[in-house]
Amino acid sequence: MTDSSSWIKSRRKLLNPVFHLQTKQEDDNQLTKGMIKVVRRTGQLNLSGRGLGTVPMSIFTMYESDDKNGFMEYDLSKSPDDAWWSYKPLNYLDLSSNVLDKLPENIKIFEDLTVLNLQDNNLSDLPVGIGNLRKLSKLNLSRNKISKLPDEFYALVELQILNLSHNELLDVSEKIGDLVMLQQLDLSNNNLTNLPPGLGYLVRLTDVNLSHNQLTELPPDIVNLRVVTKLDITHNNLKNLPSRMGEMRKLQTLHAQHNDIENLPTFEGCEYIQELHFGNNYIKVIPPEFCEDVVNLKILDLRDNKITELPKEIAMLQHVIRLDLGNNELTSLPNTLGLLPHLQNLQIEGNIIKHIRQDIIKGGTSRILKYLRDKLNEEELALTTIATKSFTAEVNLFPNKYTMKNSRSLNLAMKDLTNTSIPDTVFDDAVAAEVVVVDLCKNKLAFVPEGLQKLKDNIMELNISMNQIKTLPGNICNFKKLQYLDLGKNALDNLPDTLGSLSLLREIVISNNRFSRLPSSIFELVHLEILLASDNQISEIDVKGLQNLKRLATLDLSNNSIYFVPPELGNMKQLRHLELKGNRFRQPRYAILDQGTDVILSYLRDRIPQ
């Protein structure tokens, strides 16, 4: 038999196109002698995706002697790595993506385990012995069929990351409060109808996911989670949220879509809140005090509610970038909405706005805001002083080190600054304050201040919109932690090739500039989720380049000079929001564009040549 024919047969065996449940012997054979040697040397074992129906029994004996006499001898001929005294105890075990329906009680012998991954199996319960794994810091039990946790489970007091999503849990014991080291907790996609009061004892939690359950209320002591930054309670049956949500001081992102919430809670004290998602609820009113409590908000999603009007105090949301009011019952918009300097994306489709002409609405966010600003009366203009008091020039033009340390931001927005009027000491103080957010919008900067390079190791968000900048320097690539970059409303017509090295960038705004095409460097931003490029002179859509952006969810190309929409754009099914209005093309017609992203993409796919 030739070498090539042997390779083909071996390849066919590996492919094994017809799945069958392995025998116990076949399961045991998955753990080879070579793998055991690696485990003894590293303390790590990965048996993920092996089609295991049972845990190989040799796992529980792999640290026993290979000597036929049954005892370990001091053998000088062995290399140090093979000697029993150099064995590392098992600390990492991955059994994910198999078909295990039972975890053996013997799992308790691995007392040194710190990571255990049992994701994507067929487990319906857990052995009592799991409580013996007292050193576990990360446990993934997602995508199983677990309906109840044994009491011994709550003895895992060193757990920091616990994932129980996509199971069949009906309840969780109040003993969960014993897991005091938890930092991340995922209970999403279960059958939970309530949560125990002990949840409030988990004061180290920073990320909590309770989505896709049947919760009707949250325990009052959930507000004791003072360091939580992200809370997801979407797709439940919640009618109200705890009245003291403001006590969750560090909360940055709240996802509460698809519930039965009728009233917005009080967020007084939530100084760090940046994203609030309340879409698909039954909210009717936005209280004025709500706007005053969340002045640092950047994203507000109130889509698919019952809101009939907006308060004039909406002008207090000076940091808002995206405001989604689609599919409500609004008949008018307050003129004070035009006072929001950072608002890049305003969604109002699905309402019956009577006092604004349709051509203005179809013109997009910038045109709507300009229309509202032009109609401001004296009383509404008076609100400008209140709304922008933190942005206007004061006795101290530049924030002091204490202010920056407290907010982790350098805010120089709307101060009429030029490049020569910003002293280097401001950036020195920002470095000392460990600033991560810099806002220089709405000034008179002709170029990006060189002093920003002093902050290159820390900056995560940079806003230099609404200036007079014509060129972005190549050293922008030094901002390796940058996740958000706003270049809107400048005089840019190109971006440097080095921009593509910003591997963490999730959102970029280049709206209201002079681009005739999307810069090629944008197509190298593999983690990009949001691209806003409206109000330029872009003439064509580079679908091939856009298809490199596998995570792109929002694409705004409205108000450009696009004459043709390539049907292949319809293959970008990951897009959740696509804006194409205000261009020169005839197809798709506005009747299609008005029906939303899914319809547009489907329309385009149907026109791809066979």
# chains A, B, ... in the order shown; residues from 1 in each chain; ligands from 1
>>> select_by_dssp(residues="segment 310-356 of chain A", states="strand (DSSP E)", output="ChimeraX atom specification")
/A:322-324,345-347
>>> write_last_selection(atoms="N, CA and C atoms", output="short mmCIF file (atom, residue, chain, number, x, y, z; two decimals), in the first residue's frame")
data_model
loop_
_atom_site.label_atom_id
_atom_site.label_comp_id
_atom_site.auth_asym_id
_atom_site.auth_seq_id
_atom_site.Cartn_x
_atom_site.Cartn_y
_atom_site.Cartn_z
N ARG A 322 -26.19 57.98 21.00
CA ARG A 322 -27.28 57.30 20.28
C ARG A 322 -28.55 57.33 21.13
N LEU A 323 -29.63 57.74 20.50
CA LEU A 323 -30.93 57.81 21.17
C LEU A 323 -31.96 57.12 20.27
N ASP A 324 -32.49 56.01 20.73
CA ASP A 324 -33.44 55.23 19.94
C ASP A 324 -34.83 55.37 20.54
N ASN A 345 -26.77 59.60 16.35
CA ASN A 345 -27.75 58.68 15.78
C ASN A 345 -29.07 58.80 16.53
N LEU A 346 -30.06 59.39 15.88
CA LEU A 346 -31.40 59.55 16.46
C LEU A 346 -32.39 58.72 15.65
N GLN A 347 -33.04 57.76 16.31
CA GLN A 347 -34.01 56.90 15.65
C GLN A 347 -35.42 57.28 16.09
#
>>> residues_around(residues="Asp535 of chain A", least_positions_apart="5", cutoff="6 Å", atoms="only C-alpha atoms", output="list in words")
Ser511, Asn512, Asn559 and Asn560 of chain A
>>> select_by_dssp(residues="segment 452-554 of chain A", states="alpha helix (DSSP H)", output="PyMOL selection string")
chain A and resi 543-546
>>> closest_atom_pairs(of="segment 112-186 of chain A", to="segment 94-105 of chain A", cutoff="12 Å", atoms="only C-alpha atoms", output="Markdown table")
| residue | atom | partner | partner_atom | distance |
| --- | --- | --- | --- | --- |
| A:Leu113 | CA | A:Asp94 | CA | 10.8 |
| A:Thr114 | CA | A:Asp94 | CA | 11.2 |
| A:Val115 | CA | A:Asp94 | CA | 8.0 |
| A:Leu116 | CA | A:Asp94 | CA | 5.9 |
| A:Asn117 | CA | A:Asp94 | CA | 4.7 |
| A:Leu118 | CA | A:Ser96 | CA | 4.6 |
| A:Gln119 | CA | A:Ser96 | CA | 4.6 |
| A:Asp120 | CA | A:Ser97 | CA | 4.7 |
| A:Asn121 | CA | A:Val99 | CA | 4.8 |
| A:Asn122 | CA | A:Asp101 | CA | 4.6 |
| A:Leu123 | CA | A:Asp101 | CA | 4.4 |
| A:Ser124 | CA | A:Asp101 | CA | 6.7 |
| A:Asp125 | CA | A:Lys102 | CA | 7.4 |
| A:Leu126 | CA | A:Leu103 | CA | 6.5 |
| A:Pro127 | CA | A:Glu105 | CA | 5.5 |
| A:Val128 | CA | A:Glu105 | CA | 7.0 |
| A:Gly129 | CA | A:Glu105 | CA | 5.4 |
| A:Ile130 | CA | A:Glu105 | CA | 7.5 |
| A:Gly131 | CA | A:Glu105 | CA | 10.4 |
| A:Asn132 | CA | A:Glu105 | CA | 10.2 |
| A:Leu133 | CA | A:Glu105 | CA | 11.6 |
| A:Lys138 | CA | A:Asp94 | CA | 11.3 |
| A:Leu139 | CA | A:Asp94 | CA | 10.1 |
| A:Asn140 | CA | A:Ser96 | CA | 8.7 |
| A:Leu141 | CA | A:Ser96 | CA | 8.8 |
| A:Ser142 | CA | A:Ser96 | CA | 9.4 |
| A:Arg143 | CA | A:Ser97 | CA | 9.2 |
| A:Asn144 | CA | A:Asp101 | CA | 8.9 |
| A:Lys145 | CA | A:Asp101 | CA | 9.0 |
| A:Ile146 | CA | A:Asp101 | CA | 10.2 |
>>> residues_around(residues="segment 171-185 of chain A", least_positions_apart="3", cutoff="6 Å", atoms="only C-alpha atoms", output="mmCIF file with N, CA and C atoms, in the first residue's frame")
data_model
loop_
_atom_site.group_PDB
_atom_site.id
_atom_site.type_symbol
_atom_site.label_atom_id
_atom_site.label_comp_id
_atom_site.auth_asym_id
_atom_site.auth_seq_id
_atom_site.Cartn_x
_atom_site.Cartn_y
_atom_site.Cartn_z
ATOM 1 N N VAL A 157 -16.288 27.983 47.505
ATOM 2 C CA VAL A 157 -16.207 29.373 47.952
ATOM 3 C C VAL A 157 -15.123 30.178 47.243
ATOM 4 N N GLU A 158 -14.262 29.547 46.430
ATOM 5 C CA GLU A 158 -13.226 30.278 45.710
ATOM 6 C C GLU A 158 -13.651 30.632 44.288
ATOM 7 N N LEU A 159 -14.864 30.259 43.891
ATOM 8 C CA LEU A 159 -15.321 30.546 42.528
ATOM 9 C C LEU A 159 -15.322 32.041 42.245
ATOM 10 N N GLN A 160 -14.733 32.394 41.105
ATOM 11 C CA GLN A 160 -14.764 33.784 40.654
ATOM 12 C C GLN A 160 -15.626 33.951 39.403
ATOM 13 N N ILE A 161 -15.654 32.915 38.563
ATOM 14 C CA ILE A 161 -16.446 32.952 37.334
ATOM 15 C C ILE A 161 -17.330 31.712 37.305
ATOM 16 N N LEU A 162 -18.646 31.908 37.242
ATOM 17 C CA LEU A 162 -19.603 30.794 37.216
ATOM 18 C C LEU A 162 -20.592 31.001 36.086
ATOM 19 N N LEU A 192 -35.890 30.200 35.732
ATOM 20 C CA LEU A 192 -35.996 30.850 37.038
ATOM 21 C C LEU A 192 -37.184 31.797 37.088
ATOM 22 N N PRO A 196 -33.001 34.279 44.985
ATOM 23 C CA PRO A 196 -32.924 34.293 46.449
ATOM 24 C C PRO A 196 -32.356 35.615 46.956
ATOM 25 N N GLY A 198 -30.051 36.013 49.003
ATOM 26 C CA GLY A 198 -28.608 35.902 49.224
ATOM 27 C C GLY A 198 -27.759 36.486 48.124
ATOM 28 N N LEU A 199 -28.373 36.802 46.988
ATOM 29 C CA LEU A 199 -27.619 37.359 45.865
ATOM 30 C C LEU A 199 -26.929 38.665 46.263
ATOM 31 N N TYR A 201 -25.310 39.352 48.798
ATOM 32 C CA TYR A 201 -24.062 39.177 49.529
ATOM 33 C C TYR A 201 -22.852 39.084 48.591
ATOM 34 N N LEU A 202 -23.098 38.922 47.309
ATOM 35 C CA LEU A 202 -22.000 38.732 46.353
ATOM 36 C C LEU A 202 -21.442 40.092 45.935
ATOM 37 N N ARG A 204 -18.629 41.257 45.274
ATOM 38 C CA ARG A 204 -17.524 41.387 44.323
ATOM 39 C C ARG A 204 -17.987 41.259 42.871
ATOM 40 N N LEU A 205 -19.261 40.972 42.660
ATOM 41 C CA LEU A 205 -19.764 40.785 41.302
ATOM 42 C C LEU A 205 -19.598 42.054 40.473
ATOM 43 N N THR A 206 -19.079 41.888 39.257
ATOM 44 C CA THR A 206 -18.974 43.007 38.314
ATOM 45 C C THR A 206 -19.834 42.787 37.075
ATOM 46 N N ASP A 207 -20.151 41.534 36.759
ATOM 47 C CA ASP A 207 -20.901 41.204 35.537
ATOM 48 C C ASP A 207 -21.957 40.155 35.874
ATOM 49 N N VAL A 208 -23.240 40.507 35.718
ATOM 50 C CA VAL A 208 -24.335 39.603 36.057
ATOM 51 C C VAL A 208 -25.281 39.478 34.870
#
>>> atom_distance(atom1="atom CA of Ala591 of chain A", atom2="atom CA of Leu333 of chain A")
23.7 Å
>>> residues_around(residues="segment 561-567 of chain A", least_positions_apart="2", cutoff="6 Å", atoms="only C-alpha atoms", output="ChimeraX atom specification")
/A:537-540,569-570,583-585,604-605,607-608
>>> write_last_selection(atoms="N, CA and C atoms", output="compact mmCIF listing (two decimals), in the first residue's frame")
# COMPACT_ATOMS: atom_id res chain seq x y z
N GLN A 537 -19.19 62.29 1.16
CA GLN A 537 -19.35 62.30 -0.29
C GLN A 537 -19.04 60.92 -0.87
N ILE A 538 -19.28 59.89 -0.07
CA ILE A 538 -18.97 58.50 -0.47
C ILE A 538 -19.84 58.12 -1.66
N SER A 539 -19.21 57.61 -2.72
CA SER A 539 -19.93 57.32 -3.96
C SER A 539 -20.21 55.84 -4.17
N GLU A 540 -19.48 54.97 -3.49
CA GLU A 540 -19.73 53.54 -3.68
C GLU A 540 -19.48 52.77 -2.39
N LEU A 569 -24.20 43.10 -0.49
CA LEU A 569 -24.30 43.66 0.86
C LEU A 569 -25.32 42.89 1.69
N GLY A 570 -26.29 42.28 1.01
CA GLY A 570 -27.32 41.49 1.71
C GLY A 570 -26.78 40.27 2.40
N ASN A 583 -29.28 59.00 -0.28
CA ASN A 583 -28.28 58.78 -1.31
C ASN A 583 -28.92 58.92 -2.70
N ARG A 584 -28.12 58.67 -3.76
CA ARG A 584 -28.58 58.92 -5.12
C ARG A 584 -29.20 57.69 -5.79
N PHE A 585 -29.07 56.51 -5.19
CA PHE A 585 -29.54 55.29 -5.86
C PHE A 585 -31.07 55.27 -5.94
N LEU A 604 -31.85 42.73 -0.95
CA LEU A 604 -30.58 42.69 -1.68
C LEU A 604 -30.17 41.26 -2.01
N ARG A 605 -30.34 40.35 -1.06
CA ARG A 605 -29.96 38.95 -1.31
C ARG A 605 -30.74 38.36 -2.47
N ARG A 607 -31.51 39.68 -5.06
CA ARG A 607 -31.06 40.23 -6.34
C ARG A 607 -29.62 39.89 -6.67
N ILE A 608 -29.04 38.99 -5.87
CA ILE A 608 -27.68 38.52 -6.19
C ILE A 608 -27.76 37.58 -7.39
>>> closest_residue(among="A:Thr234, A:Asn240, A:Asn406, A:Ser58", to="Pro219 of chain A", atoms="only C-alpha atoms")
A:Asn240
>>> closest_residue(among="A:Thr403, A:Thr61, A:Asn91, A:Asn377", to="Phe110 of chain A", atoms="only C-alpha atoms")
A:Asn91
>>> atom_distance(atom1="atom CA of Leu580 of chain A", atom2="atom CA of Leu325 of chain A")
18.8 Å
>>> residues_around(residues="Leu238 of chain A", least_positions_apart="6", cutoff="12 Å", atoms="only C-alpha atoms", output="JSON, numbers by chain")
{"A": [193, 194, 210, 211, 212, 213, 214, 215, 216, 217, 218, 219, 256, 257, 258, 259, 260, 261, 262, 263, 278, 280, 281, 282]}
>>> write_last_selection(atoms="C-alpha atoms", output="PDB file, in the first residue's frame")
ATOM      1  CA  THR A 193     -39.101  32.604  38.347  1.00  0.00           C
ATOM      2  CA  ASN A 194     -37.417  34.257  41.329  1.00  0.00           C
ATOM      3  CA  LEU A 210     -30.039  36.982  34.321  1.00  0.00           C
ATOM      4  CA  SER A 211     -31.558  37.245  30.843  1.00  0.00           C
ATOM      5  CA  HIS A 212     -34.042  34.830  29.234  1.00  0.00           C
ATOM      6  CA  ASN A 213     -35.724  33.574  32.394  1.00  0.00           C
ATOM      7  CA  GLN A 214     -39.217  34.062  33.818  1.00  0.00           C
ATOM      8  CA  LEU A 215     -38.401  36.522  36.592  1.00  0.00           C
ATOM      9  CA  THR A 216     -41.249  38.742  37.751  1.00  0.00           C
ATOM     10  CA  GLU A 217     -39.158  40.745  40.210  1.00  0.00           C
ATOM     11  CA  LEU A 218     -35.596  41.244  41.368  1.00  0.00           C
ATOM     12  CA  PRO A 219     -34.641  40.764  45.028  1.00  0.00           C
ATOM     13  CA  ALA A 256     -33.548  45.502  30.352  1.00  0.00           C
ATOM     14  CA  GLN A 257     -35.200  44.983  26.959  1.00  0.00           C
ATOM     15  CA  HIS A 258     -38.204  42.700  26.437  1.00  0.00           C
ATOM     16  CA  ASN A 259     -39.865  42.942  29.844  1.00  0.00           C
ATOM     17  CA  ASP A 260     -43.124  44.441  31.124  1.00  0.00           C
ATOM     18  CA  ILE A 261     -41.543  47.513  32.752  1.00  0.00           C
ATOM     19  CA  GLU A 262     -43.922  50.463  33.006  1.00  0.00           C
ATOM     20  CA  ASN A 263     -41.796  53.054  34.841  1.00  0.00           C
ATOM     21  CA  PHE A 278     -35.182  49.639  27.886  1.00  0.00           C
ATOM     22  CA  ASN A 280     -39.687  46.534  24.140  1.00  0.00           C
ATOM     23  CA  ASN A 281     -41.373  47.477  27.400  1.00  0.00           C
ATOM     24  CA  TYR A 282     -44.468  49.509  28.386  1.00  0.00           C
TER      25      TYR A 282
END
>>> residues_around(residues="His355 of chain A", least_positions_apart="2", cutoff="7 Å", atoms="only C-alpha atoms", output="list in words")
Ser332, Ile353 and Arg357 of chain A
>>> write_last_selection(atoms="C-alpha atoms", output="PDB file, in the first residue's frame")
ATOM      1  CA  SER A 332     -43.670  65.870  18.413  1.00  0.00           C
ATOM      2  CA  ILE A 353     -44.225  63.194  14.092  1.00  0.00           C
ATOM      3  CA  ARG A 357     -41.715  67.665   7.497  1.00  0.00           C
TER       4      ARG A 357
END
>>> residues_around(residues="Phe523 of chain A", least_positions_apart="3", cutoff="10 Å", atoms="only C-alpha atoms", output="list of chain:residue names")
A:Leu499, A:Gly500, A:Leu518, A:Pro519, A:Ser520, A:Val526, A:Leu528, A:Asp542, A:Lys544, A:Gly545, A:Leu546, A:Gln547, A:Asn548, A:Leu549
>>> write_last_selection(atoms="N, CA and C atoms", output="compact mmCIF listing (two decimals), in the first residue's frame")
# COMPACT_ATOMS: atom_id res chain seq x y z
N LEU A 499 -4.14 53.15 11.25
CA LEU A 499 -5.38 53.03 12.03
C LEU A 499 -5.79 51.56 12.16
N GLY A 500 -5.48 50.77 11.13
CA GLY A 500 -5.89 49.37 11.12
C GLY A 500 -5.29 48.53 12.22
N LEU A 518 -14.84 54.91 1.76
CA LEU A 518 -14.47 54.43 3.09
C LEU A 518 -12.98 54.09 3.07
N PRO A 519 -12.19 54.67 3.97
CA PRO A 519 -10.75 54.38 4.00
C PRO A 519 -10.47 52.89 4.19
N SER A 520 -9.50 52.37 3.45
CA SER A 520 -9.19 50.94 3.50
C SER A 520 -8.73 50.49 4.88
N VAL A 526 -10.79 44.45 12.89
CA VAL A 526 -11.53 43.18 12.93
C VAL A 526 -12.56 43.11 14.05
N LEU A 528 -14.44 45.74 14.96
CA LEU A 528 -15.35 46.86 14.81
C LEU A 528 -16.80 46.39 14.80
N ASP A 542 -17.91 49.57 -0.69
CA ASP A 542 -16.91 48.51 -0.87
C ASP A 542 -17.32 47.30 -0.04
N LYS A 544 -16.61 44.12 -0.44
CA LYS A 544 -15.52 43.19 -0.15
C LYS A 544 -14.76 43.62 1.10
N GLY A 545 -14.51 44.92 1.21
CA GLY A 545 -13.82 45.42 2.39
C GLY A 545 -14.67 45.28 3.64
N LEU A 546 -15.96 45.62 3.53
CA LEU A 546 -16.86 45.53 4.69
C LEU A 546 -17.02 44.10 5.18
N GLN A 547 -16.92 43.13 4.28
CA GLN A 547 -17.09 41.74 4.68
C GLN A 547 -15.96 41.23 5.56
N ASN A 548 -14.86 41.98 5.65
CA ASN A 548 -13.80 41.63 6.59
C ASN A 548 -14.20 41.91 8.03
N LEU A 549 -15.22 42.76 8.18
CA LEU A 549 -15.66 43.18 9.52
C LEU A 549 -16.75 42.24 10.00
>>> closest_residue(among="A:Leu557, A:Ile541, A:Leu455, A:Leu45", to="Gln30 of chain A", atoms="only C-alpha atoms")
A:Leu45
>>> atom_distance(atom1="atom CA of Ile510 of chain A", atom2="atom CA of Met460 of chain A")
17.4 Å
